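A.B. asks: What follows is run-v2.csv, CSV, N, CA and C atoms.
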chain,number,residue,atom,x,y,z
Y,75,MET,N,3.1,12.3,-3.1
Y,75,MET,CA,1.7,12.1,-3.0
Y,75,MET,C,1.4,10.6,-2.9
Y,76,LYS,N,0.6,10.3,-1.9
Y,76,LYS,CA,0.3,8.9,-1.7
Y,76,LYS,C,-0.7,8.3,-2.7
Y,77,ASP,N,-1.6,9.2,-3.2
Y,77,ASP,CA,-2.7,8.8,-4.1
Y,77,ASP,C,-2.3,9.0,-5.6
Y,78,HIS,N,-2.6,8.0,-6.4
Y,78,HIS,CA,-2.5,8.2,-7.8
Y,78,HIS,C,-3.8,7.7,-8.5
Y,79,GLN,N,-4.1,8.4,-9.6
Y,79,GLN,CA,-5.3,8.0,-10.3
Y,79,GLN,C,-5.0,7.7,-11.8
Y,80,ILE,N,-5.7,6.8,-12.3
Y,80,ILE,CA,-5.5,6.5,-13.8
Y,80,ILE,C,-6.9,6.1,-14.3
Y,81,GLU,N,-7.2,6.4,-15.5
Y,81,GLU,CA,-8.5,6.1,-16.1
Y,81,GLU,C,-8.3,4.9,-17.0
Y,82,VAL,N,-9.3,4.0,-17.0
Y,82,VAL,CA,-9.4,2.8,-17.8
Y,82,VAL,C,-10.8,2.7,-18.4
Y,83,ARG,N,-10.9,2.4,-19.7
Y,83,ARG,CA,-12.2,2.2,-20.2
Y,83,ARG,C,-12.5,0.8,-20.3
Y,84,VAL,N,-13.7,0.4,-19.9
Y,84,VAL,CA,-14.2,-1.0,-19.9
Y,84,VAL,C,-14.3,-1.5,-21.4
Y,85,ARG,N,-13.6,-2.6,-21.7
Y,85,ARG,CA,-13.7,-3.1,-23.0
Y,85,ARG,C,-14.7,-4.2,-23.1
Y,86,TYR,N,-15.3,-4.4,-24.2
Y,86,TYR,CA,-16.3,-5.4,-24.4
Y,86,TYR,C,-15.9,-6.8,-23.9
Y,87,SER,N,-14.7,-7.2,-24.2
Y,87,SER,CA,-14.2,-8.5,-23.8
Y,87,SER,C,-14.1,-8.7,-22.3
Y,88,GLU,N,-14.2,-7.7,-21.5
Y,88,GLU,CA,-14.2,-7.7,-20.1
Y,88,GLU,C,-15.5,-7.9,-19.4
Y,89,THR,N,-16.6,-8.0,-20.3
Y,89,THR,CA,-17.9,-8.0,-19.7
Y,89,THR,C,-18.6,-9.4,-20.1
Y,90,ASP,N,-19.7,-9.6,-19.4
Y,90,ASP,CA,-20.6,-10.8,-19.7
Y,90,ASP,C,-21.6,-10.4,-20.7
Y,91,GLN,N,-22.6,-11.2,-20.9
Y,91,GLN,CA,-23.7,-11.0,-21.9
Y,91,GLN,C,-24.5,-9.8,-21.5
Y,92,MET,N,-24.5,-9.4,-20.2
Y,92,MET,CA,-25.4,-8.3,-19.8
Y,92,MET,C,-24.6,-7.0,-19.8
Y,93,GLY,N,-23.3,-7.0,-20.3
Y,93,GLY,CA,-22.5,-5.8,-20.3
Y,93,GLY,C,-21.9,-5.4,-19.0
Y,94,VAL,N,-21.9,-6.4,-18.0
Y,94,VAL,CA,-21.3,-6.1,-16.7
Y,94,VAL,C,-19.9,-6.7,-16.6
Y,95,VAL,N,-19.0,-6.0,-16.0
Y,95,VAL,CA,-17.6,-6.4,-15.9
Y,95,VAL,C,-17.6,-7.7,-15.1
Y,96,TYR,N,-16.9,-8.7,-15.6
Y,96,TYR,CA,-16.7,-10.0,-14.9
Y,96,TYR,C,-15.8,-9.7,-13.7
Y,97,HIS,N,-16.2,-10.3,-12.5
Y,97,HIS,CA,-15.5,-9.9,-11.3
Y,97,HIS,C,-14.0,-10.1,-11.3
Y,98,GLY,N,-13.5,-11.1,-12.0
Y,98,GLY,CA,-12.1,-11.3,-12.1
Y,98,GLY,C,-11.3,-10.2,-12.9
Y,99,ASN,N,-12.0,-9.5,-13.7
Y,99,ASN,CA,-11.4,-8.4,-14.5
Y,99,ASN,C,-11.0,-7.2,-13.7
Y,100,TYR,N,-11.5,-7.1,-12.4
Y,100,TYR,CA,-11.1,-5.9,-11.6
Y,100,TYR,C,-9.7,-6.0,-11.2
Y,101,ILE,N,-9.2,-7.2,-11.0
Y,101,ILE,CA,-7.8,-7.4,-10.6
Y,101,ILE,C,-6.8,-6.8,-11.5
Y,102,PRO,N,-6.9,-7.0,-12.9
Y,102,PRO,CA,-6.0,-6.3,-13.8
Y,102,PRO,C,-6.2,-4.7,-13.7
Y,103,TYR,N,-7.4,-4.2,-13.5
Y,103,TYR,CA,-7.5,-2.8,-13.3
Y,103,TYR,C,-6.7,-2.3,-12.1
Y,104,PHE,N,-6.8,-3.0,-11.0
Y,104,PHE,CA,-6.0,-2.6,-9.8
Y,104,PHE,C,-4.5,-2.8,-10.1
Y,105,GLU,N,-4.1,-3.8,-10.9
Y,105,GLU,CA,-2.7,-3.9,-11.3
Y,105,GLU,C,-2.2,-2.7,-12.1
Y,106,ILE,N,-3.0,-2.3,-13.0
Y,106,ILE,CA,-2.7,-1.1,-13.8
Y,106,ILE,C,-2.4,0.0,-12.9
Y,107,GLY,N,-3.3,0.2,-11.9
Y,107,GLY,CA,-3.2,1.3,-10.9
Y,107,GLY,C,-1.9,1.2,-10.2
Y,108,ARG,N,-1.5,0.0,-9.7
Y,108,ARG,CA,-0.2,-0.1,-8.9
Y,108,ARG,C,1.0,0.2,-9.8
Y,109,VAL,N,1.0,-0.4,-11.0
Y,109,VAL,CA,2.2,-0.2,-11.9
Y,109,VAL,C,2.3,1.3,-12.2
Y,110,GLU,N,1.2,1.9,-12.5
Y,110,GLU,CA,1.2,3.4,-12.8
Y,110,GLU,C,1.5,4.2,-11.6
Y,111,TRP,N,1.1,3.8,-10.4
Y,111,TRP,CA,1.5,4.5,-9.2
Y,111,TRP,C,3.1,4.5,-9.1
Y,112,LEU,N,3.7,3.4,-9.3
Y,112,LEU,CA,5.2,3.3,-9.3
Y,112,LEU,C,5.8,4.2,-10.4
Y,113,ARG,N,5.2,4.1,-11.6
Y,113,ARG,CA,5.7,4.9,-12.8
Y,113,ARG,C,5.6,6.3,-12.5
Y,114,ASN,N,4.5,6.8,-11.9
Y,114,ASN,CA,4.3,8.2,-11.5
Y,114,ASN,C,5.4,8.7,-10.5
Y,115,LYS,N,5.9,7.7,-9.8
Y,115,LYS,CA,7.0,8.1,-8.8
Y,115,LYS,C,8.4,7.9,-9.4
Y,116,GLY,N,8.4,7.6,-10.7
Y,116,GLY,CA,9.7,7.5,-11.3
Y,116,GLY,C,10.3,6.1,-11.3
Y,117,ILE,N,9.5,5.1,-11.0
Y,117,ILE,CA,10.0,3.7,-10.9
Y,117,ILE,C,9.3,2.8,-11.9
Y,118,SER,N,10.1,2.2,-12.8
Y,118,SER,CA,9.6,1.3,-13.8
Y,118,SER,C,9.5,-0.1,-13.2
Y,119,TYR,N,8.4,-0.7,-13.2
Y,119,TYR,CA,8.3,-2.1,-12.7
Y,119,TYR,C,9.2,-3.0,-13.6
Y,120,LYS,N,9.2,-2.7,-14.9
Y,120,LYS,CA,10.1,-3.5,-15.8
Y,120,LYS,C,11.5,-3.4,-15.4
Y,121,SER,N,12.0,-2.2,-15.1
Y,121,SER,CA,13.4,-2.1,-14.7
Y,121,SER,C,13.7,-2.7,-13.3
Y,122,MET,N,12.7,-2.7,-12.4
Y,122,MET,CA,12.8,-3.3,-11.1
Y,122,MET,C,13.0,-4.8,-11.3
Y,123,GLU,N,12.2,-5.4,-12.2
Y,123,GLU,CA,12.3,-6.8,-12.5
Y,123,GLU,C,13.7,-7.1,-13.2
Y,124,GLU,N,14.1,-6.3,-14.1
Y,124,GLU,CA,15.4,-6.5,-14.7
Y,124,GLU,C,16.5,-6.4,-13.8
Y,125,SER,N,16.4,-5.7,-12.6
Y,125,SER,CA,17.4,-5.7,-11.6
Y,125,SER,C,17.2,-6.8,-10.6
Y,126,GLY,N,16.3,-7.7,-10.9
Y,126,GLY,CA,16.2,-8.9,-10.0
Y,126,GLY,C,15.2,-8.9,-8.9
Y,127,ILE,N,14.2,-7.9,-9.0
Y,127,ILE,CA,13.3,-7.7,-7.9
Y,127,ILE,C,11.8,-7.9,-8.5
Y,128,ALA,N,11.1,-8.8,-7.8
Y,128,ALA,CA,9.6,-8.9,-8.1
Y,128,ALA,C,8.8,-8.4,-7.0
Y,129,LEU,N,7.5,-8.2,-7.3
Y,129,LEU,CA,6.6,-7.7,-6.2
Y,129,LEU,C,5.3,-8.4,-6.3
Y,130,PRO,N,5.3,-9.7,-6.0
Y,130,PRO,CA,4.0,-10.4,-6.1
Y,130,PRO,C,3.0,-10.1,-5.0
Y,131,ILE,N,1.7,-10.2,-5.3
Y,131,ILE,CA,0.7,-10.1,-4.3
Y,131,ILE,C,0.7,-11.3,-3.4
Y,132,VAL,N,0.6,-11.0,-2.1
Y,132,VAL,CA,0.5,-12.2,-1.1
Y,132,VAL,C,-0.9,-12.1,-0.4
Y,133,SER,N,-1.6,-11.0,-0.5
Y,133,SER,CA,-2.9,-10.9,0.1
Y,133,SER,C,-3.7,-9.9,-0.7
Y,134,MET,N,-5.0,-10.2,-0.9
Y,134,MET,CA,-5.9,-9.2,-1.5
Y,134,MET,C,-7.3,-9.4,-1.0
Y,135,ASN,N,-7.9,-8.3,-0.8
Y,135,ASN,CA,-9.3,-8.3,-0.3
Y,135,ASN,C,-10.1,-7.3,-1.2
Y,136,ILE,N,-11.1,-7.8,-1.9
Y,136,ILE,CA,-11.9,-6.9,-2.8
Y,136,ILE,C,-13.3,-6.9,-2.4
Y,137,ASN,N,-13.9,-5.7,-2.4
Y,137,ASN,CA,-15.3,-5.6,-2.0
Y,137,ASN,C,-16.0,-4.9,-3.2
Y,138,TYR,N,-17.0,-5.6,-3.7
Y,138,TYR,CA,-17.8,-5.1,-4.9
Y,138,TYR,C,-19.0,-4.4,-4.4
Y,139,LYS,N,-19.1,-3.2,-4.8
Y,139,LYS,CA,-20.2,-2.3,-4.3
Y,139,LYS,C,-21.3,-2.2,-5.4
Y,140,LYS,N,-20.8,-2.0,-6.6
Y,140,LYS,CA,-21.7,-1.7,-7.8
Y,140,LYS,C,-21.0,-2.2,-9.0
Y,141,SER,N,-21.7,-2.6,-10.0
Y,141,SER,CA,-21.1,-3.2,-11.2
Y,141,SER,C,-20.6,-2.1,-12.2
Y,142,ALA,N,-19.4,-2.4,-12.7
Y,142,ALA,CA,-18.9,-1.5,-13.8
Y,142,ALA,C,-19.5,-2.1,-15.1
Y,143,ARG,N,-19.7,-1.3,-16.1
Y,143,ARG,CA,-20.4,-1.7,-17.3
Y,143,ARG,C,-19.6,-1.4,-18.6
Y,144,TYR,N,-19.9,-2.1,-19.6
Y,144,TYR,CA,-19.2,-1.9,-20.9
Y,144,TYR,C,-19.2,-0.4,-21.3
Y,145,ASP,N,-18.0,0.0,-21.7
Y,145,ASP,CA,-17.7,1.3,-22.2
Y,145,ASP,C,-17.6,2.4,-21.2
Y,146,GLU,N,-17.8,2.1,-19.9
Y,146,GLU,CA,-17.7,3.1,-18.9
Y,146,GLU,C,-16.2,3.5,-18.7
Y,147,LEU,N,-16.0,4.8,-18.4
Y,147,LEU,CA,-14.7,5.2,-18.1
Y,147,LEU,C,-14.5,5.1,-16.6
Y,148,LEU,N,-13.6,4.3,-16.2
Y,148,LEU,CA,-13.3,4.1,-14.8
Y,148,LEU,C,-12.1,4.8,-14.3
Y,149,THR,N,-12.1,5.3,-13.1
Y,149,THR,CA,-10.9,5.9,-12.4
Y,149,THR,C,-10.5,5.0,-11.3
Y,150,VAL,N,-9.2,4.5,-11.5
Y,150,VAL,CA,-8.6,3.6,-10.5
Y,150,VAL,C,-7.8,4.5,-9.6
Y,151,HIS,N,-8.1,4.5,-8.3
Y,151,HIS,CA,-7.3,5.2,-7.3
Y,151,HIS,C,-6.4,4.2,-6.6
Y,152,THR,N,-5.1,4.5,-6.5
Y,152,THR,CA,-4.2,3.6,-5.8
Y,152,THR,C,-3.5,4.5,-4.7
Y,153,ILE,N,-3.6,4.1,-3.5
Y,153,ILE,CA,-3.2,4.8,-2.3
Y,153,ILE,C,-2.2,4.0,-1.5
Y,154,PHE,N,-0.9,4.5,-1.4
Y,154,PHE,CA,0.1,3.9,-0.6
Y,154,PHE,C,-0.4,3.9,0.9
Y,155,LYS,N,-0.4,2.8,1.5
Y,155,LYS,CA,-0.9,2.7,2.9
Y,155,LYS,C,0.3,2.5,3.9
Y,156,SER,N,1.2,1.5,3.7
Y,156,SER,CA,2.3,1.4,4.6
Y,156,SER,C,3.3,0.4,4.0
Y,157,GLN,N,4.5,0.4,4.6
Y,157,GLN,CA,5.6,-0.5,4.2
Y,157,GLN,C,6.3,-0.9,5.5
Y,158,THR,N,6.5,-2.3,5.6
Y,158,THR,CA,7.2,-2.8,6.7
Y,158,THR,C,8.1,-3.9,6.2
Y,159,SER,N,9.3,-3.9,6.6
Y,159,SER,CA,10.4,-4.8,6.2
Y,159,SER,C,10.3,-5.2,4.8
Y,160,VAL,N,9.6,-6.3,4.4
Y,160,VAL,CA,9.6,-6.8,3.0
Y,160,VAL,C,8.2,-6.5,2.3
Y,161,LYS,N,7.3,-6.0,3.1
Y,161,LYS,CA,5.9,-5.8,2.5
Y,161,LYS,C,5.6,-4.3,2.2
Y,162,ILE,N,4.7,-4.2,1.2
Y,162,ILE,CA,4.1,-2.9,0.9
Y,162,ILE,C,2.6,-3.1,0.8
Y,163,GLU,N,1.8,-2.1,1.3
Y,163,GLU,CA,0.4,-2.2,1.3
Y,163,GLU,C,-0.2,-1.0,0.5
Y,164,PHE,N,-1.3,-1.3,-0.2
Y,164,PHE,CA,-2.1,-0.3,-0.9
Y,164,PHE,C,-3.5,-0.5,-0.6
Y,165,ASP,N,-4.2,0.6,-0.5
Y,165,ASP,CA,-5.7,0.7,-0.6
Y,165,ASP,C,-6.1,1.2,-1.9
Y,166,CYS,N,-7.1,0.6,-2.5
Y,166,CYS,CA,-7.5,1.0,-3.9
Y,166,CYS,C,-9.0,1.1,-4.0
Y,167,ALA,N,-9.4,1.9,-5.0
Y,167,ALA,CA,-10.8,2.1,-5.2
Y,167,ALA,C,-11.0,2.3,-6.7
Y,168,ILE,N,-12.2,1.9,-7.2
Y,168,ILE,CA,-12.6,2.2,-8.6
Y,168,ILE,C,-13.9,2.9,-8.6
Y,169,TYR,N,-13.9,4.0,-9.3
Y,169,TYR,CA,-15.1,4.9,-9.5
Y,169,TYR,C,-15.5,4.9,-11.0
Y,170,ASN,N,-16.8,5.0,-11.2
Y,170,ASN,CA,-17.2,5.2,-12.6
Y,170,ASN,C,-17.2,6.7,-13.0
Y,171,GLU,N,-17.6,7.0,-14.2
Y,171,GLU,CA,-17.6,8.3,-14.7
Y,171,GLU,C,-18.6,9.2,-14.0
Y,172,PHE,N,-19.5,8.6,-13.3
Y,172,PHE,CA,-20.5,9.4,-12.5
Y,172,PHE,C,-20.1,9.6,-11.1
Y,173,ASP,N,-18.8,9.2,-10.8
Y,173,ASP,CA,-18.2,9.3,-9.5
Y,173,ASP,C,-18.8,8.4,-8.4
Y,174,GLU,N,-19.4,7.3,-8.9
Y,174,GLU,CA,-20.0,6.3,-8.0
Y,174,GLU,C,-18.9,5.3,-7.7
Y,175,LEU,N,-18.8,5.0,-6.4
Y,175,LEU,CA,-17.8,4.0,-5.9
Y,175,LEU,C,-18.3,2.6,-6.3
Y,176,LEU,N,-17.4,1.9,-7.1
Y,176,LEU,CA,-17.8,0.6,-7.6
Y,176,LEU,C,-17.2,-0.5,-6.8
Y,177,THR,N,-15.9,-0.4,-6.5
Y,177,THR,CA,-15.1,-1.5,-5.9
Y,177,THR,C,-14.0,-0.9,-5.0
Y,178,THR,N,-13.8,-1.5,-3.9
Y,178,THR,CA,-12.6,-1.2,-3.0
Y,178,THR,C,-11.7,-2.4,-2.9
Y,179,ALA,N,-10.5,-2.2,-2.6
Y,179,ALA,CA,-9.6,-3.3,-2.5
Y,179,ALA,C,-8.4,-2.9,-1.6
Y,180,GLN,N,-7.8,-4.0,-0.9
Y,180,GLN,CA,-6.6,-3.8,-0.2
Y,180,GLN,C,-5.6,-4.9,-0.7
Y,181,PHE,N,-4.4,-4.5,-0.9
Y,181,PHE,CA,-3.4,-5.4,-1.5
Y,181,PHE,C,-2.1,-5.3,-0.6
Y,182,ILE,N,-1.6,-6.5,-0.3
Y,182,ILE,CA,-0.2,-6.6,0.3
Y,182,ILE,C,0.7,-7.3,-0.7
Y,183,LEU,N,1.8,-6.7,-1.0
Y,183,LEU,CA,2.8,-7.2,-1.9
Y,183,LEU,C,4.1,-7.4,-1.1
Y,184,VAL,N,4.9,-8.3,-1.6
Y,184,VAL,CA,6.2,-8.6,-0.9
Y,184,VAL,C,7.3,-8.5,-2.0
Y,185,PHE,N,8.4,-7.8,-1.6
Y,185,PHE,CA,9.6,-7.7,-2.4
Y,185,PHE,C,10.3,-9.0,-2.4
Y,186,VAL,N,10.5,-9.6,-3.6
Y,186,VAL,CA,11.1,-10.9,-3.7
Y,186,VAL,C,12.3,-10.9,-4.6
Y,187,SER,N,13.4,-11.5,-4.2
Y,187,SER,CA,14.5,-11.7,-5.1
Y,187,SER,C,14.2,-12.7,-6.2
Y,188,LEU,N,14.4,-12.3,-7.4
Y,188,LEU,CA,14.1,-13.2,-8.5
Y,188,LEU,C,15.2,-14.3,-8.6
Y,189,GLU,N,16.3,-14.0,-8.0
Y,189,GLU,CA,17.4,-15.0,-8.0
Y,189,GLU,C,17.2,-16.1,-7.0
Y,190,THR,N,16.7,-15.8,-5.8
Y,190,THR,CA,16.5,-16.8,-4.8
Y,190,THR,C,15.1,-17.2,-4.5
Y,191,GLY,N,14.1,-16.3,-5.0
Y,191,GLY,CA,12.7,-16.6,-4.8
Y,191,GLY,C,12.3,-16.3,-3.3
Y,192,ARG,N,13.2,-15.6,-2.6
Y,192,ARG,CA,12.9,-15.4,-1.2
Y,192,ARG,C,12.6,-13.9,-1.0
Y,193,PRO,N,11.8,-13.6,0.1
Y,193,PRO,CA,11.5,-12.2,0.4
Y,193,PRO,C,12.8,-11.4,0.7
Y,194,MET,N,12.8,-10.1,0.3
Y,194,MET,CA,14.0,-9.3,0.5
Y,194,MET,C,13.6,-7.9,0.9
Y,195,ALA,N,14.5,-7.2,1.5
Y,195,ALA,CA,14.2,-5.7,1.8
Y,195,ALA,C,14.1,-5.0,0.5
Y,196,PRO,N,13.2,-3.9,0.5
Y,196,PRO,CA,13.1,-3.1,-0.7
Y,196,PRO,C,14.5,-2.4,-1.0
Y,197,PRO,N,14.8,-2.2,-2.2
Y,197,PRO,CA,16.0,-1.5,-2.5
Y,197,PRO,C,16.0,0.0,-2.0
Y,198,GLU,N,17.1,0.5,-1.8
Y,198,GLU,CA,17.2,1.9,-1.2
Y,198,GLU,C,16.4,2.9,-1.9
Y,199,TYR,N,16.3,2.9,-3.2
Y,199,TYR,CA,15.6,3.9,-3.9
Y,199,TYR,C,14.1,3.8,-3.6
Y,200,ILE,N,13.6,2.6,-3.4
Y,200,ILE,CA,12.2,2.5,-3.0
Y,200,ILE,C,12.0,3.0,-1.5
Y,201,LEU,N,12.9,2.7,-0.6
Y,201,LEU,CA,12.8,3.2,0.7
Y,201,LEU,C,12.8,4.7,0.8
Y,202,GLU,N,13.7,5.3,0.0
Y,202,GLU,CA,13.7,6.8,-0.1
Y,202,GLU,C,12.4,7.3,-0.6
Y,203,LEU,N,11.8,6.7,-1.6
Y,203,LEU,CA,10.5,7.2,-2.1
Y,203,LEU,C,9.5,7.1,-1.0
Y,204,LEU,N,9.4,5.9,-0.3
Y,204,LEU,CA,8.4,5.7,0.7
Y,204,LEU,C,8.5,6.6,1.9
Y,205,LYS,N,9.7,7.1,2.2
Y,205,LYS,CA,9.9,8.0,3.3
Y,205,LYS,C,9.2,9.3,2.9
Y,206,THR,N,9.1,9.7,1.7
Y,206,THR,CA,8.4,10.9,1.3
Y,206,THR,C,6.9,10.8,1.4
Y,207,MET,N,6.4,9.5,1.5
Y,207,MET,CA,4.9,9.3,1.6
Y,207,MET,C,4.4,9.4,3.0
Y,208,GLU,N,5.3,9.4,4.0
Y,208,GLU,CA,4.8,9.4,5.4
Y,208,GLU,C,4.3,10.7,5.8
In structure tokens, write the structure found in this file.
C.D. replies:
Amino acid sequence: MKDHQIEVRVRYSETDQMGVVYHGNYIPYFEIGRVEWLRNKGISYKSMEESGIALPIVSMNINYKKSARYDELLTVHTIFKSQTSVKIEFDCAIYNEFDELLTTAQFILVFVSLETGRPMAPPEYILELLKTME
């Protein structure tokens, strides 16, 4: 399944004085979505790093449609879009508990060797997983 969903409740510390989520706090919500997308597919980001592979963001585009507010239950959708040589792309969206679209985003990440700091091909177990997404 290309799409994965996870719920996150907005904490007070993530908001401004008006109870609105600060724009920079959406990035961790999307990160939670991507990490849990991998975990849902049987891949631990921690074990990937322990085996010498990192997956940093090289490009992101975020569009804010409507504000998230304190104590709202958000649903983060993470959708696998594509994979080419060393890159993997995701489309993401955040909805509130009233099913209103709040934010959309696109992320490009690159598989990087922690030993060399250089881009690398994804490991075979990732390629096998991604073949099932097509």
A.B. asks: Where does region 153-175 of chain Y meet region 185-188 of chain Y within 6 Å, residue by residue, with the nearest atom pair and distance in Å to one decimal for each, counting all atoms listed in the file, listed by chain and rising number, as a tab-separated table?
C.D. replies:
residue	atom	partner	partner_atom	distance
Y:Val160	C	Y:Phe185	N	4.1
Y:Lys161	N	Y:Phe185	N	5.2
Y:Ile162	N	Y:Phe185	N	5.9
A.B. asks: Can you tell me which residues surround region 92-97 of chain Y at a distance of at most 7 Å, considering all atoms listed in the file, apart from same-chain residues fewer than 3 positions away, and format the answer as a ChimeraX atom specification?
C.D. replies: /Y:88-89,100-101,141-144
A.B. asks: Calculate how many Å separate CA of Leu204 (chain Y) from CA of Arg113 (chain Y), rounding to one decimal.
C.D. replies: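 Taking CA of Leu204 (chain Y) and CA of Arg113 (chain Y), their separation equals 13.8 Å.
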A.B. asks: Hey, which of Y:Glu124, Y:Glu110, Y:Glu171, Y:Glu163 ends up closest to Glu146 (chain Y)? Count only N, CA and C atoms.
C.D. replies: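 Closest residue, counting only N, CA and C atoms: Y:Glu171.
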A.B. asks: Run DSSP on the backbone and tell me which residues of region 92-186 of chain Y come out as strand (DSSP E or B); list them as a VMD selection string.
C.D. replies: chain Y and resid 94 to 95 127 to 128 131 to 138 143 147 to 158 161 to 169 175 to 184 186
A.B. asks: Could you pull out every residue with an atom within 9 Å of (-9.1, -9.2, 0.1), file coordinates, counting only C-alpha atoms, and send them as a ChimeraX atom specification?
C.D. replies: /Y:133-137,179-181
A.B. asks: Limited to N, CA and C atoms, could you put the picked residues into a file as an mmCIF file, keeping the file's coordinate frame?
C.D. replies:
data_model
loop_
_atom_site.group_PDB
_atom_site.id
_atom_site.type_symbol
_atom_site.label_atom_id
_atom_site.label_comp_id
_atom_site.auth_asym_id
_atom_site.auth_seq_id
_atom_site.Cartn_x
_atom_site.Cartn_y
_atom_site.Cartn_z
ATOM 1 N N SER Y 133 -1.600 -11.000 -0.500
ATOM 2 C CA SER Y 133 -2.900 -10.900 0.100
ATOM 3 C C SER Y 133 -3.700 -9.900 -0.700
ATOM 4 N N MET Y 134 -5.000 -10.200 -0.900
ATOM 5 C CA MET Y 134 -5.900 -9.200 -1.500
ATOM 6 C C MET Y 134 -7.300 -9.400 -1.000
ATOM 7 N N ASN Y 135 -7.900 -8.300 -0.800
ATOM 8 C CA ASN Y 135 -9.300 -8.300 -0.300
ATOM 9 C C ASN Y 135 -10.100 -7.300 -1.200
ATOM 10 N N ILE Y 136 -11.100 -7.800 -1.900
ATOM 11 C CA ILE Y 136 -11.900 -6.900 -2.800
ATOM 12 C C ILE Y 136 -13.300 -6.900 -2.400
ATOM 13 N N ASN Y 137 -13.900 -5.700 -2.400
ATOM 14 C CA ASN Y 137 -15.300 -5.600 -2.000
ATOM 15 C C ASN Y 137 -16.000 -4.900 -3.200
ATOM 16 N N ALA Y 179 -10.500 -2.200 -2.600
ATOM 17 C CA ALA Y 179 -9.600 -3.300 -2.500
ATOM 18 C C ALA Y 179 -8.400 -2.900 -1.600
ATOM 19 N N GLN Y 180 -7.800 -4.000 -0.900
ATOM 20 C CA GLN Y 180 -6.600 -3.800 -0.200
ATOM 21 C C GLN Y 180 -5.600 -4.900 -0.700
ATOM 22 N N PHE Y 181 -4.400 -4.500 -0.900
ATOM 23 C CA PHE Y 181 -3.400 -5.400 -1.500
ATOM 24 C C PHE Y 181 -2.100 -5.300 -0.600
#
A.B. asks: What's the 8 Å shell around His151 (chain Y), counting only C-alpha atoms, without same-chain residues fewer than 2 positions away, as a ChimeraX atom specification?
C.D. replies: /Y:77-80,107,149,153,166-168
A.B. asks: Save the residues we just selected, N, CA and C atoms, as a PDB file, keeping the file's coordinate frame?
C.D. replies:
ATOM      1  N   ASP Y  77      -1.600   9.200  -3.200  1.00  0.00           N
ATOM      2  CA  ASP Y  77      -2.700   8.800  -4.100  1.00  0.00           C
ATOM      3  C   ASP Y  77      -2.300   9.000  -5.600  1.00  0.00           C
ATOM      4  N   HIS Y  78      -2.600   8.000  -6.400  1.00  0.00           N
ATOM      5  CA  HIS Y  78      -2.500   8.200  -7.800  1.00  0.00           C
ATOM      6  C   HIS Y  78      -3.800   7.700  -8.500  1.00  0.00           C
ATOM      7  N   GLN Y  79      -4.100   8.400  -9.600  1.00  0.00           N
ATOM      8  CA  GLN Y  79      -5.300   8.000 -10.300  1.00  0.00           C
ATOM      9  C   GLN Y  79      -5.000   7.700 -11.800  1.00  0.00           C
ATOM     10  N   ILE Y  80      -5.700   6.800 -12.300  1.00  0.00           N
ATOM     11  CA  ILE Y  80      -5.500   6.500 -13.800  1.00  0.00           C
ATOM     12  C   ILE Y  80      -6.900   6.100 -14.300  1.00  0.00           C
ATOM     13  N   GLY Y 107      -3.300   0.200 -11.900  1.00  0.00           N
ATOM     14  CA  GLY Y 107      -3.200   1.300 -10.900  1.00  0.00           C
ATOM     15  C   GLY Y 107      -1.900   1.200 -10.200  1.00  0.00           C
ATOM     16  N   THR Y 149     -12.100   5.300 -13.100  1.00  0.00           N
ATOM     17  CA  THR Y 149     -10.900   5.900 -12.400  1.00  0.00           C
ATOM     18  C   THR Y 149     -10.500   5.000 -11.300  1.00  0.00           C
ATOM     19  N   ILE Y 153      -3.600   4.100  -3.500  1.00  0.00           N
ATOM     20  CA  ILE Y 153      -3.200   4.800  -2.300  1.00  0.00           C
ATOM     21  C   ILE Y 153      -2.200   4.000  -1.500  1.00  0.00           C
ATOM     22  N   CYS Y 166      -7.100   0.600  -2.500  1.00  0.00           N
ATOM     23  CA  CYS Y 166      -7.500   1.000  -3.900  1.00  0.00           C
ATOM     24  C   CYS Y 166      -9.000   1.100  -4.000  1.00  0.00           C
ATOM     25  N   ALA Y 167      -9.400   1.900  -5.000  1.00  0.00           N
ATOM     26  CA  ALA Y 167     -10.800   2.100  -5.200  1.00  0.00           C
ATOM     27  C   ALA Y 167     -11.000   2.300  -6.700  1.00  0.00           C
ATOM     28  N   ILE Y 168     -12.200   1.900  -7.200  1.00  0.00           N
ATOM     29  CA  ILE Y 168     -12.600   2.200  -8.600  1.00  0.00           C
ATOM     30  C   ILE Y 168     -13.900   2.900  -8.600  1.00  0.00           C
TER      31      ILE Y 168
END
A.B. asks: Using only N, CA and C atoms, can you tell me which of Y:Leu201, Y:Met207, Y:Val84, Y:Leu176 comes closest to Phe154 (chain Y)?
C.D. replies: Y:Met207
A.B. asks: Please measure the separation of CA of Asn170 (chain Y) and CA of Leu148 (chain Y), giving the value in Å to one decimal.
C.D. replies: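 So the answer is 4.6 Å.
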